[in-house]
Structure formats: structure tokens, C-alpha cells
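Written below as C-alpha cells is the structure these notes are about.
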Amino acid sequence: MSVYSTILTQSEFVDKDSLSYPFEERGLQFGDGIYEVIRIYNGEYYLLTEHVDRLFRSAEAIKINIPYNKETMIDLLHQLIKKNNMTNDGKVYMQITRGSAPRDHIFPQDVTPNIYAYIQDLPRNEKTLENGVKTISHRDSRWENCYIKSLNLLPNVLAKQTAKENSCYEAILHRDGVVTECSSSNIYLVKDGKVYTHPTTNKILHGCVRMAIERFLKEENIPLIEEAFHLEDIKHADELFLSSSTSEITPVIQVDHVVVSNGEPGSITRTLQKAYEQDAKITKKLMESI
Ligand code: PDD
């Protein structure tokens with residue numbers, strides 16, 4: 001999907017082809033930065049406040065001082081959509097690094113963070129939302145602070161690539177058999193009418209869609225148990241689903257060779273998908289096409 005031509009850099013709007021960085025840039029050399037991916041439906045951000053809050057949390061955690069406040073950030077992101085006359089379904093990618101400076105592990109003095117954001121079209125993936133996806137299990141070899149949305153994604157990239165090479169959509173990550181999340185999404189198991197997922201510790205990213213799911217479950221009176229489940233539990237699961245800004249709420253129908261809920265998306269997953277569509281004010285409903 002091509003990138004819309006006007007991008008945000010620092011607090012200015014420029015043509016995307018005019019942006020370049022020095023080769024001594026902390027994001028490039030150290031992965032010393034943070035990012036967000038925010039969903040857009042019909043030219044409107046979904047869960048924007050949640051994402052901006054998380055961006056500032058991540059920045060604080062790695063001691064990057066964002067040079068403007070949350071309100072300005074939200075305003076700039078709205079302007080980005082307006083300046084591109086974007087009215088489609090899409091996403092914004094926003095990245096903030098510590099800045100450009102001669103390579104040295106120690107933080108440079110008086111450096112300005114490099115900030116940019118760009119938008120792209122991203123149609124909803126109706127096929128995977130309707131039919132569900134196959135996954136693999138994969139060792140979680142990441143660091144201890146996965147709640148920070150850091151640019152250091154090498155273990156995630158390698159896990160996702162292994163999934164792809166096995167004709168799968170996602171890699172479900174585990175530490176000694178304890179399921180944490182996926183390479184780029186959160187994961188949930190349904191058993192006897194209850195939804196289980198890893199608690200929001202530093203071992204996982206605290207997903208914005210997960211926050212919305214917590215609301216939907218409350219509204220539907222479906223208990224959410226914030227307890228990690230094990231790979232072994234998947235064999236006896238009634239349903240499994242994953243969530244992220246790009247994947248929304250996607251049913252998982254297979255993990256390695258284990259088929260979940262007879263290979264069909266389950267009813268709690270469907271209820272949550274409907275709640276998501278309502279909450280995100282999605283006009284073209286998935287369920288109508290099933
Ligand atoms: N990924 N866990 C990980 C490791 C993620 O990278 C993501 C999001 C999530 C879900 O977070 P949210 O619901 O806020 O999108 C969980 C984005 C989409 C990405 O890196 O492209």
C-alpha cells in the first residue's frame with residue numbers, strides 16, 4: 001500500500017520524498033526509539049488517545065523527551081489526515097528516536113528527537129477476519145521490557161518470518177510453555193465461557209485493542225481472567241483469537257498441528273468482532289458477508 005505524499009516530521013508537514021536522515025541516527029544504529037501503529041477507519045483514527053498515551057509511556061520509559069504535549073500530538077495527527085484528504089481505511093505509523101548524533105552508546109547531549117509519521121491505506125482483511133488464521137508456537141526470546149513499544153523488533157521479525165515460512169499468519173510466543181503474546185498481536189484463549197489472557201506485566205505489550213476488548217467483555221458480561229495460559233491448554237481450548245490494530249480481532253483456528261474449535265471461529269470471538277465493528281463505527285460490516 002502506497003504512502004500518502006504528505007508526512008509529518010517534527011511538527012511540520014513535508015513531501016515524503018524530501019525526508020532523509022544522517023547515517024549516524026540513533027534509531028538506525030541502536031534501535032534507540034519507539035513507535036506506534038494506529039488504525040484509521042473512513043479517515044478517522046480509532047483508539048487514538050490510548051495510542052498516544054502509550055507512546056508517551058514508552059518515551060518516558062526510555063528517557064526520550066517528546067518536545068510537545070499529548071494534545072499537540074493528537075492535533076498534528078489529525079492534521080496529517082486532513083492534509084492528505086484521506087477518507088479511507090488505513091493506518092498511521094509514527095516513530096520517535098533519540099535523534100541524530102555521532103555513534104556512542106551513551107545518550108548524546110542536547111539532541112532533538114527525530115519524529116515522523118506517515119499514513120497508508122489498509123483495507124480490512126476480510127478473509128482472515130471471517131475464516132480465522134493458522135499459527136505456529138515459537139519461543140519468546142525478547143527482553144524483559146516488552147511493554148515498551150520499542151523499535152528493537154528483531155525477535156518479533158524472526159518469529160513472524162518463521163510463521164510465514166510455515167504458511168502461517170502469526171507466531172504465538174511462549175516462555176517455557178507459558179504463552180505471552182504473538183509477534184505483533186495479543187492472544188486470548190476461551191474456555192467454558194471465560195476469556196484468558198496474559199496479565200499486563202512487562203512481558204507483553206499492553207495492546208490498545210486489548211483495552212477495547214476488556215470493555216466489550218464487561219458489556220457482554222463475559223469474564224476476563226488475566227492469567228497466562230500454557231501451550232498445553234490450547235489442546236483443550238474452546239476458542240482462540242488474537243488482537244492488534246492491524247488484525248483487529250482475528251480468530252485463530254490452528255496452532256502448530258492442533259486444530260482449535262474444529263477449525264471454525266467461535267461464538268465469543270464473533271461477539272467481540274461485532275462489538276469491535278460497532279465501537280470503531282465500521283460501516284461495511286464483516287458479519288453481513290458471512
Ligand atoms: N503491533 N503485541 C505486540 C508485540 C505488538 O507489536 C502489537 C501491535 C500488539 C497489539 O497492540 P495494539 O492492539 O495496540 O495494536 C501486541 C503493531 C500493529 C505493529 O507493530 O505493527
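Ordering of the C-alpha cells sets the chain letters (A, B, ...); residue numbers start at 1 within each chain; ligands are numbered from 1 in the order shown.
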Kindly work out which residues sit at most 9 Å from ligand 1, using only C-alpha atoms and all ligand atoms, and give the list as a tab-separated table (two decimals) with N, CA, C and O atoms, in the first residue's frame.
```tsv
chain	number	residue	atom	x	y	z
A	35	TYR	N	7.71	3.52	18.73
A	35	TYR	CA	6.80	3.74	17.61
A	35	TYR	C	5.37	3.41	18.02
A	35	TYR	O	5.12	2.83	19.08
A	36	GLU	N	4.44	3.78	17.14
A	36	GLU	CA	3.03	3.41	17.29
A	36	GLU	C	2.45	3.10	15.91
A	36	GLU	O	2.89	3.69	14.91
A	37	VAL	N	1.49	2.22	15.87
A	37	VAL	CA	0.69	1.97	14.67
A	37	VAL	C	-0.76	2.17	15.09
A	37	VAL	O	-1.24	1.50	16.01
A	38	ILE	N	-1.44	3.11	14.44
A	38	ILE	CA	-2.82	3.43	14.83
A	38	ILE	C	-3.74	3.17	13.64
A	38	ILE	O	-3.46	3.59	12.52
A	39	ARG	N	-4.87	2.52	13.91
A	39	ARG	CA	-5.82	2.18	12.84
A	39	ARG	C	-6.65	3.39	12.46
A	39	ARG	O	-6.96	4.25	13.32
A	47	LEU	N	-9.12	4.55	18.60
A	47	LEU	CA	-8.37	4.40	19.86
A	47	LEU	C	-7.15	5.33	19.91
A	47	LEU	O	-6.08	4.95	20.42
A	50	GLU	N	-5.65	6.22	23.44
A	50	GLU	CA	-4.94	5.08	24.02
A	50	GLU	C	-3.53	4.96	23.42
A	50	GLU	O	-2.55	4.73	24.13
A	51	HIS	N	-3.45	5.13	22.09
A	51	HIS	CA	-2.15	5.00	21.43
A	51	HIS	C	-1.20	6.13	21.83
A	51	HIS	O	-0.01	5.90	22.07
A	54	ARG	N	0.12	5.56	25.21
A	54	ARG	CA	1.16	4.52	25.23
A	54	ARG	C	2.48	5.05	24.65
A	54	ARG	O	3.56	4.72	25.14
A	93	TYR	N	1.79	5.19	10.82
A	93	TYR	CA	3.00	4.72	11.50
A	93	TYR	C	3.71	5.95	12.03
A	93	TYR	O	4.01	6.87	11.27
A	146	CYS	N	8.87	-5.73	27.43
A	146	CYS	CA	8.05	-5.76	26.20
A	146	CYS	C	6.87	-4.80	26.26
A	146	CYS	O	6.18	-4.61	25.26
A	147	TYR	N	6.63	-4.18	27.43
A	147	TYR	CA	5.54	-3.19	27.50
A	147	TYR	C	5.94	-1.90	26.77
A	147	TYR	O	5.09	-1.07	26.45
A	149	LYS	N	6.95	0.01	23.52
A	149	LYS	CA	6.82	-0.25	22.08
A	149	LYS	C	8.09	0.26	21.39
A	149	LYS	O	8.12	1.31	20.75
A	153	LEU	N	12.85	-4.81	17.16
A	153	LEU	CA	11.84	-5.85	16.89
A	153	LEU	C	12.44	-7.13	16.30
A	153	LEU	O	11.72	-7.94	15.74
A	156	ASN	N	10.84	-10.38	17.19
A	156	ASN	CA	9.47	-10.40	16.62
A	156	ASN	C	9.52	-10.69	15.13
A	156	ASN	O	8.74	-11.48	14.60
A	181	GLU	N	2.34	-13.49	24.24
A	181	GLU	CA	1.53	-12.81	23.21
A	181	GLU	C	2.00	-13.34	21.86
A	181	GLU	O	2.63	-14.40	21.81
A	182	CYS	N	1.72	-12.63	20.78
A	182	CYS	CA	2.22	-13.06	19.46
A	182	CYS	C	3.29	-12.08	19.01
A	182	CYS	O	3.58	-11.10	19.69
A	183	SER	N	3.86	-12.32	17.83
A	183	SER	CA	4.97	-11.47	17.37
A	183	SER	C	4.52	-10.02	17.16
A	183	SER	O	5.31	-9.10	17.36
A	184	SER	N	3.25	-9.82	16.77
A	184	SER	CA	2.76	-8.44	16.63
A	184	SER	C	1.29	-8.32	17.01
A	184	SER	O	0.56	-7.51	16.43
A	185	SER	N	0.87	-9.12	17.98
A	185	SER	CA	-0.53	-9.04	18.44
A	185	SER	C	-0.65	-9.70	19.82
A	185	SER	O	0.26	-10.41	20.25
A	186	ASN	N	-1.75	-9.45	20.49
A	186	ASN	CA	-2.05	-10.12	21.77
A	186	ASN	C	-2.88	-11.36	21.49
A	186	ASN	O	-3.52	-11.47	20.45
A	187	ILE	N	-2.87	-12.30	22.45
A	187	ILE	CA	-3.56	-13.59	22.22
A	187	ILE	C	-4.45	-13.95	23.42
A	187	ILE	O	-4.11	-13.65	24.55
A	204	ILE	N	4.62	-8.36	28.15
A	204	ILE	CA	3.85	-8.18	26.90
A	204	ILE	C	3.61	-6.70	26.62
A	204	ILE	O	3.69	-5.87	27.52
A	205	LEU	N	3.25	-6.43	25.36
A	205	LEU	CA	2.80	-5.08	25.02
A	205	LEU	C	1.34	-4.95	25.45
A	205	LEU	O	0.53	-5.85	25.20
A	206	HIS	N	1.01	-3.84	26.11
A	206	HIS	CA	-0.37	-3.63	26.56
A	206	HIS	C	-1.16	-3.08	25.37
A	206	HIS	O	-1.14	-1.88	25.11
A	207	GLY	N	-1.82	-3.96	24.67
A	207	GLY	CA	-2.46	-3.60	23.41
A	207	GLY	C	-3.62	-2.63	23.60
A	207	GLY	O	-4.39	-2.72	24.56
A	208	CYS	N	-3.75	-1.71	22.65
A	208	CYS	CA	-4.88	-0.78	22.69
A	208	CYS	C	-6.18	-1.52	22.33
A	208	CYS	O	-7.23	-1.25	22.91
A	209	VAL	N	-6.10	-2.45	21.38
A	209	VAL	CA	-7.30	-3.23	21.06
A	209	VAL	C	-7.67	-4.11	22.26
A	209	VAL	O	-8.84	-4.32	22.55
A	210	ARG	N	-6.66	-4.59	22.98
A	210	ARG	CA	-6.94	-5.36	24.20
A	210	ARG	C	-7.77	-4.53	25.18
A	210	ARG	O	-8.72	-5.03	25.78
A	211	MET	N	-7.41	-3.24	25.32
A	211	MET	CA	-8.18	-2.37	26.23
A	211	MET	C	-9.64	-2.30	25.79
A	211	MET	O	-10.55	-2.32	26.61
A	212	ALA	N	-9.83	-2.20	24.46
A	212	ALA	CA	-11.21	-2.16	23.94
A	212	ALA	C	-11.91	-3.49	24.22
A	212	ALA	O	-13.07	-3.52	24.63
A	242	LEU	N	-6.73	-13.53	18.35
A	242	LEU	CA	-5.65	-12.57	18.59
A	242	LEU	C	-6.16	-11.17	18.28
A	242	LEU	O	-7.21	-11.01	17.64
A	243	SER	N	-5.44	-10.16	18.76
A	243	SER	CA	-5.89	-8.78	18.50
A	243	SER	C	-4.71	-7.85	18.25
A	243	SER	O	-3.65	-8.00	18.85
A	244	SER	N	-4.95	-6.92	17.35
A	244	SER	CA	-3.99	-5.81	17.14
A	244	SER	C	-4.68	-4.75	16.29
A	244	SER	O	-5.75	-5.01	15.70
A	245	SER	N	-4.04	-3.61	16.18
A	245	SER	CA	-4.63	-2.52	15.40
A	245	SER	C	-4.78	-2.89	13.93
A	245	SER	O	-5.69	-2.41	13.27
A	246	THR	N	-3.88	-3.70	13.42
A	246	THR	CA	-3.99	-4.07	12.00
A	246	THR	C	-4.82	-5.34	11.81
A	246	THR	O	-5.51	-5.49	10.82
A	247	SER	N	-4.78	-6.26	12.79
A	247	SER	CA	-5.51	-7.54	12.65
A	247	SER	C	-6.90	-7.49	13.28
A	247	SER	O	-7.64	-8.49	13.18
A	248	GLU	N	-7.23	-6.38	13.97
A	248	GLU	CA	-8.50	-6.27	14.72
A	248	GLU	C	-8.63	-7.47	15.67
A	248	GLU	O	-7.71	-7.72	16.45
```
Inset, instruction - Skip Gln273 of chain A itself and residues of its chain fewer than 6 positions away, then list as an MDAnalysis selection string all residues within 9 Å of it, counting only C-alpha atoms. - result: chainID A and resid 129 248:250 286:287
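Residues of segment 18-52 of chain A that DSSP, applied to the backbone, places in alpha helix (DSSP H): A:Arg26, A:Gly27, A:Leu28, A:Gln29, A:Phe30, A:Leu48, A:Thr49, A:Glu50, A:His51, A:Val52.
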List as a tab-separated table every residue of segment 99-152 of chain A that is in contact with segment 168-179 of chain A, defined as an atom at most 7 Å from one of its atoms (using only C-alpha atoms), together with the nearest atom pair and the distance in Å rounded to one decimal, sorted by chain and then rising number.
```
residue	atom	partner	partner_atom	distance
A:Val133	CA	A:Tyr169	CA	6.1
A:Lys134	CA	A:Cys168	CA	5.1
A:Thr135	CA	A:Glu170	CA	4.9
A:Ile136	CA	A:Ala171	CA	4.9
A:Ser137	CA	A:Ile172	CA	4.6
A:His138	CA	A:Leu173	CA	4.9
A:Arg139	CA	A:His174	CA	5.1
A:Asp140	CA	A:Leu173	CA	4.8
```
Inset, instruction - Please provide the set of residues having any atom within 12 Å of Gln79 of chain A, restricted to only C-alpha atoms, with same-chain residues fewer than 3 positions apart removed, written as a list in words. - result: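 The contact residues come out as Thr6, Ile7, Leu8, Ser11, Glu12, Phe13, Gly43, Glu44, Tyr45, Thr72, Met73, Ile74, Asp75, Leu76, Lys82, Lys83, Asn84, Asn85, Met86, Ala117, Tyr118 and Ile119 of chain A.
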Inset, instruction - Mind listing the strand (DSSP E) residues of segment 93-164 of chain A, per DSSP on the backbone, as a ChimeraX atom specification? - result: /A:93-97,114-121,133-139
Please write the residues from the selection above to a file, keeping N, CA and C atoms, as a compact mmCIF listing (two decimals), in the first residue's frame.
```
# COMPACT_ATOMS: atom_id res chain seq x y z
N TYR A 93 1.79 5.19 10.82
CA TYR A 93 3.00 4.72 11.50
C TYR A 93 3.71 5.95 12.03
N MET A 94 3.97 5.98 13.32
CA MET A 94 4.69 7.10 13.92
C MET A 94 5.92 6.59 14.65
N GLN A 95 7.04 7.26 14.45
CA GLN A 95 8.29 6.81 15.08
C GLN A 95 9.00 7.99 15.72
N ILE A 96 9.55 7.76 16.90
CA ILE A 96 10.34 8.79 17.58
C ILE A 96 11.65 8.17 18.03
N THR A 97 12.76 8.71 17.56
CA THR A 97 14.06 8.20 18.02
C THR A 97 14.75 9.26 18.87
N ASN A 114 14.13 12.66 16.70
CA ASN A 114 13.62 12.64 15.32
C ASN A 114 12.22 12.02 15.33
N ILE A 115 11.27 12.78 14.81
CA ILE A 115 9.87 12.35 14.83
C ILE A 115 9.35 12.31 13.41
N TYR A 116 8.71 11.23 13.04
CA TYR A 116 7.96 11.28 11.79
C TYR A 116 6.73 10.40 11.85
N ALA A 117 5.77 10.70 10.99
CA ALA A 117 4.54 9.89 10.90
C ALA A 117 4.04 9.94 9.47
N TYR A 118 3.58 8.79 8.99
CA TYR A 118 3.01 8.75 7.64
C TYR A 118 1.79 7.85 7.64
N ILE A 119 0.90 8.10 6.68
CA ILE A 119 -0.31 7.28 6.61
C ILE A 119 -0.36 6.48 5.30
N GLN A 120 -1.06 5.37 5.40
CA GLN A 120 -1.19 4.45 4.26
C GLN A 120 -2.60 3.89 4.28
N ASP A 121 -3.10 3.51 3.10
CA ASP A 121 -4.37 2.77 3.08
C ASP A 121 -4.15 1.36 3.61
N VAL A 133 -7.18 -17.81 11.23
CA VAL A 133 -5.81 -17.98 10.72
C VAL A 133 -5.11 -19.15 11.42
N LYS A 134 -4.10 -19.67 10.74
CA LYS A 134 -3.24 -20.70 11.32
C LYS A 134 -2.01 -20.03 11.92
N THR A 135 -1.50 -20.62 12.98
CA THR A 135 -0.35 -20.04 13.68
C THR A 135 0.66 -21.13 14.03
N ILE A 136 1.85 -20.69 14.42
CA ILE A 136 2.82 -21.61 15.00
C ILE A 136 3.10 -21.16 16.43
N SER A 137 3.65 -22.05 17.23
CA SER A 137 4.17 -21.62 18.53
C SER A 137 5.66 -21.36 18.36
N HIS A 138 6.20 -20.43 19.15
CA HIS A 138 7.59 -20.02 18.96
C HIS A 138 8.13 -19.53 20.30
N ARG A 139 9.38 -19.83 20.59
CA ARG A 139 9.97 -19.36 21.85
C ARG A 139 10.00 -17.83 21.88
```
Legend entry - Exercise: Tyr196 of chain A partners within 8 Å, only C-alpha atoms, chain neighbours under 3 positions left out, as JSON, numbers by chain: {"A": [188, 189, 190, 191, 224, 225, 226, 227, 228, 229]}
